[in-house]
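> Take a look at this one; I'll ask things after.
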Amino acid sequence: MTTAYDCLQHDQHDPLASLREQFALPADVIYLDGNSLGAQPKAAAKRAMQVIEQEWGTDLIRSWNSAGWFDLPSRLGDLLAPLIGANPAEVVITDSTSINLFKALAAALQLQAQQHPQKKVIVSERSNFPTDLYIIEGITQWLQRGYELRLVDSVSELSIAVDQDVAAVVLTQVNYRSGELLDMAATTALAHAHDALIIWDLSHSAGAVPVDLNGARADYAIGCCYKYLNGGPGAPAFIWVAPRHLADFQHPLSGWWGHTSPFAMQSGFIPTPSIRRALCGTQPIISLALIEIGLATFKSTDMTAVRKKSLHLTDLFIELVEQNCSTHGLELITPRAHAKRGSHVSFLHPHAYSIIQALIRRGIIGDYREPSVMRFGFTPLYTSYMDVWNAADALRDILDNNSYEINTPRYTVT
Ligand SMILES: *Cc1c(COP(=O)(O)O)cnc(C)c1O
């Protein structure tokens, strides 16, 4: 049985403990939602002021060159690359995850239409994050070429669902609801065995679990910078293309930033040979600049250390909740096996929404996801073992005393 004293001891021996200092977390908050919106690095405000006052205010349009604005999407991509098993010049940061999925899937289907024109199926998971499925639906309806979406109810069905008709597989490595982690190398190999291309959504993996895109021989990847990467609300997302597909990477959002010589103002789109062909138009510089600050929070650690603490935190939370709340009908939907778990933990409860609201009123911020899911994100850079203890204890107290209102009115969360 783990005690509060044990948790204090874990904090004292935690090699990552000092990293919390980098974040502007309110003293009365236990933040277990960094998987949805990463906490603010303290350095972000100063950097934003610098961009606004110096780079924009004083240097004006010269900053496209003098402050490196033009290169920012690729420079940030190079900084991100080691966190996702990519090399420099393989990834850019631009647009949103939804838009980057559109580009990657359009490019994958275009490539398949040349090589295997009979392939018309796109496979994904029914429980994938809705925007991913909506984008797939949007592309298939708009192309009008007979593409169909084939959804599996569990990843165990993939070995049957991925057959010779499949052009592309679109999967999220860590499920946003259950926290289930997929085996990227094995699933990629399965897709390739049927000549299908695979697009990985790393929204809940980048900065949360070690990722090896090149090692897994993945084809394309996309993902968020505002979750575990701490880039700020609505921060632009990333897109990675395997070097072997880059020359064939063509997507319909062929804006001038993807042109081989954007300032030649020529007629006729010629994609630049580099990964910058994934760019479309002018970038949101203030938001992009803050991603550098978010990525810098990983500077003094590595994903092996982050993963080790993440598993310890999630193991501990599962143990404490099961130890404290065993009579309250909570159902763990996150896999117990380390190899299948991301960095958040989810429990089902009929009053999940009201319980989460009661926790938030006490300053313990997790979140609710349909249907009946309480979701708790553990971000090793700033979550302490005492946070885990206090959150599990508050949950016990709320459940023991029924101190949640059954009919809390719902508001919309994004
Ligand atoms: C958070 C998340 C997104 C968000 O996409 P946006 O375009 O940034 O709104 C997309 N896919 C997955 C799997 C996510 O978890």
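Just so we're on the same page: first chain in the structure tokens is A, next is B, and so on; residues restart at 1 for each chain, and ligands are numbered from 1 in the order they show up.
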Residues near A:Leu311, anyone? I mean within 9 Å using only C-alpha atoms, not counting same-chain ones fewer than 2 positions away, as a VMD selection string.

chain A and resid 306 to 309 313 to 316 338 341 to 343

> Report as number ranges by chain: the residues of stretch 161-381 of chain A with a DSSP assignment of strand (DSSP E or B), based on the backbone of this structure.

A: 166-172, 174, 180-181, 197-201, 220-223, 237-241, 259, 271, 331-332, 341, 344-348, 364-365, 367-369, 373-377

> Find the distance between atom CA of A:Lys42 and atom CA of A:Thr282 and write it in Å to one decimal.

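Separation between atom CA of A:Lys42 and atom CA of A:Thr282: 27.2 Å.
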
> Give the answer as one residue: which of A:Ala24, A:Ala392, A:Leu171, A:Leu19 has the shortest atom-to-atom distance to ligand 1, using only C-alpha atoms and all ligand atoms?

A:Leu171

> Given the choices A:Leu229, A:Ala206, A:Val123, A:Ile198, which gets closest to A:Val174 if the distance is worked out from only C-alpha atoms?

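Of the candidates, the smallest distance to A:Val174 is held by A:Ala206.
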
> Can you list, as an MDAnalysis selection string, every residue of stretch 154-371 of chain A that DSSP puts in alpha helix (DSSP H)?

chainID A and resid 158:161 184:193 243:246 285:296 303:324 352:361

> Neighbouring residues of ligand 1 are defined here as those with any atom at most 6 Å from a ligand atom, counting only C-alpha atoms and all ligand atoms; list them as a list in words.

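Result of the 6 Å neighbour search around ligand 1: Ser96, Thr97, Ser98, Phe129, Thr131, Asp132, Thr172, Tyr176, Asp201, Ser203, His204 and Cys224 of chain A.
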
> For A:Glu331, work out the shell of residues within 9 Å, counting only C-alpha atoms and skipping chain neighbours fewer than 6 positions away, then give it as an MDAnalysis selection string.

chainID A and resid 346:349

> At a cut-off of 9 Å, can you tabulate as JSON lines every residue of stretch 202-261 of chain A near stretch 288-298 of chain A together with its closest atom pair and the distance in Å to one decimal, using only C-alpha atoms and ordering rows by chain then number?


```
{"residue": "A:Gly207", "atom": "CA", "partner": "A:Phe298", "partner_atom": "CA", "distance": 8.1}
{"residue": "A:Cys225", "atom": "CA", "partner": "A:Ile291", "partner_atom": "CA", "distance": 7.1}
{"residue": "A:Tyr226", "atom": "CA", "partner": "A:Ile291", "partner_atom": "CA", "distance": 8.2}
{"residue": "A:Tyr228", "atom": "CA", "partner": "A:Gly294", "partner_atom": "CA", "distance": 8.8}
{"residue": "A:Leu229", "atom": "CA", "partner": "A:Gly294", "partner_atom": "CA", "distance": 5.6}
{"residue": "A:Asn230", "atom": "CA", "partner": "A:Gly294", "partner_atom": "CA", "distance": 4.5}
{"residue": "A:Gly231", "atom": "CA", "partner": "A:Ile291", "partner_atom": "CA", "distance": 4.1}
{"residue": "A:Gly232", "atom": "CA", "partner": "A:Leu290", "partner_atom": "CA", "distance": 6.8}
{"residue": "A:Ala235", "atom": "CA", "partner": "A:Leu288", "partner_atom": "CA", "distance": 6.7}
{"residue": "A:Pro236", "atom": "CA", "partner": "A:Leu288", "partner_atom": "CA", "distance": 6.5}
```

> Let me see the file: selected residues, N, CA, C and O atoms, as a compact mmCIF listing (two decimals), in the first residue's frame.


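Saved as result_1.txt:
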```txt
# COMPACT_ATOMS: atom_id res chain seq x y z
N GLY A 207 6.08 14.12 -27.12
CA GLY A 207 6.40 14.67 -25.81
C GLY A 207 5.84 13.84 -24.66
O GLY A 207 6.07 14.15 -23.50
N CYS A 225 1.03 20.58 -31.23
CA CYS A 225 2.11 21.17 -30.42
C CYS A 225 1.58 21.82 -29.15
O CYS A 225 2.35 22.34 -28.36
N TYR A 226 0.26 21.85 -28.96
CA TYR A 226 -0.28 22.54 -27.77
C TYR A 226 -0.61 21.58 -26.63
O TYR A 226 -1.09 21.98 -25.60
N TYR A 228 1.26 17.92 -25.10
CA TYR A 228 2.47 17.64 -24.29
C TYR A 228 3.67 18.51 -24.68
O TYR A 228 4.66 18.53 -23.97
N LEU A 229 3.59 19.17 -25.84
CA LEU A 229 4.74 19.98 -26.27
C LEU A 229 4.68 21.42 -25.76
O LEU A 229 5.59 22.21 -26.03
N ASN A 230 3.61 21.77 -25.06
CA ASN A 230 3.54 23.05 -24.32
C ASN A 230 3.70 24.28 -25.21
O ASN A 230 4.24 25.30 -24.78
N GLY A 231 3.21 24.20 -26.45
CA GLY A 231 3.39 25.31 -27.40
C GLY A 231 2.39 26.44 -27.27
O GLY A 231 2.54 27.46 -27.93
N GLY A 232 1.36 26.27 -26.45
CA GLY A 232 0.38 27.34 -26.27
C GLY A 232 -0.93 27.04 -27.00
O GLY A 232 -0.94 26.29 -27.97
N ALA A 235 -1.59 26.37 -30.83
CA ALA A 235 -0.28 26.42 -31.49
C ALA A 235 -0.33 25.60 -32.78
O ALA A 235 -1.00 24.57 -32.84
N PRO A 236 0.37 26.03 -33.83
CA PRO A 236 0.42 25.24 -35.06
C PRO A 236 0.93 23.83 -34.79
O PRO A 236 1.61 23.57 -33.80
```

> Please determine, counting only C-alpha atoms, which residue among A:Met386, A:Leu149, A:Ile318, A:Leu79 has the shortest atom-to-atom distance to A:Val91.

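Nearest candidate to A:Val91 out of A:Met386, A:Leu149, A:Ile318, A:Leu79: A:Leu79.
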
> Applying 12 Å and only C-alpha atoms, which residues near stretch 59-65 of chain A remain after dropping the ones on its own chain fewer than 5 positions away? List them as a PyMOL selection string.

chain A and resi 50-54+70-72+282-283+285

> Could you check the closest approach to A:Leu151 for each of A:Val170, A:Ala4, A:Ile135, A:Val241 and tell me which residue wins, using only C-alpha atoms?

A:Val170

> If we count only C-alpha atoms, what is near A:Ala104 at a cut-off of 12 Å, once residues fewer than 3 positions away on the same chain are taken out, given as a VMD selection string?

chain A and resid 97 to 101 107 to 111 132 135 to 136 139 168 to 170 197 to 201 219 to 223 238 to 242 245 to 246 248 to 253 275 277 to 279

> List the neighbours of A:Asp78 out to 10 Å using only C-alpha atoms; skip same-chain residues closer than 6 positions along the sequence, and give me the result as a PyMOL selection string.

chain A and resi 72+86-93

> For N, CA and C atoms, I'd like the residues from the last selection saved as a tab-separated table (two decimals), in the first residue's frame.


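Resulting contents of selection_13.tsv:
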```tsv
chain	number	residue	atom	x	y	z
A	72	LEU	N	11.14	29.83	-39.66
A	72	LEU	CA	10.63	29.28	-38.40
A	72	LEU	C	9.97	27.90	-38.54
A	86	ALA	N	12.63	11.51	-35.76
A	86	ALA	CA	12.81	12.03	-37.12
A	86	ALA	C	14.18	12.70	-37.21
A	87	ASN	N	14.62	12.99	-38.44
A	87	ASN	CA	15.87	13.70	-38.64
A	87	ASN	C	15.57	15.15	-39.00
A	88	PRO	N	16.55	16.02	-38.84
A	88	PRO	CA	16.36	17.40	-39.29
A	88	PRO	C	15.94	17.41	-40.76
A	89	ALA	N	15.19	18.42	-41.12
A	89	ALA	CA	14.72	18.63	-42.51
A	89	ALA	C	13.65	17.63	-42.95
A	90	GLU	N	13.08	16.88	-41.98
A	90	GLU	CA	12.00	15.95	-42.36
A	90	GLU	C	10.64	16.43	-41.88
A	91	VAL	N	10.62	17.46	-41.05
A	91	VAL	CA	9.35	17.85	-40.42
A	91	VAL	C	9.25	19.38	-40.38
A	92	VAL	N	8.02	19.89	-40.58
A	92	VAL	CA	7.78	21.33	-40.41
A	92	VAL	C	6.62	21.52	-39.44
A	93	ILE	N	6.61	22.72	-38.84
A	93	ILE	CA	5.51	23.06	-37.95
A	93	ILE	C	4.69	24.14	-38.63
```
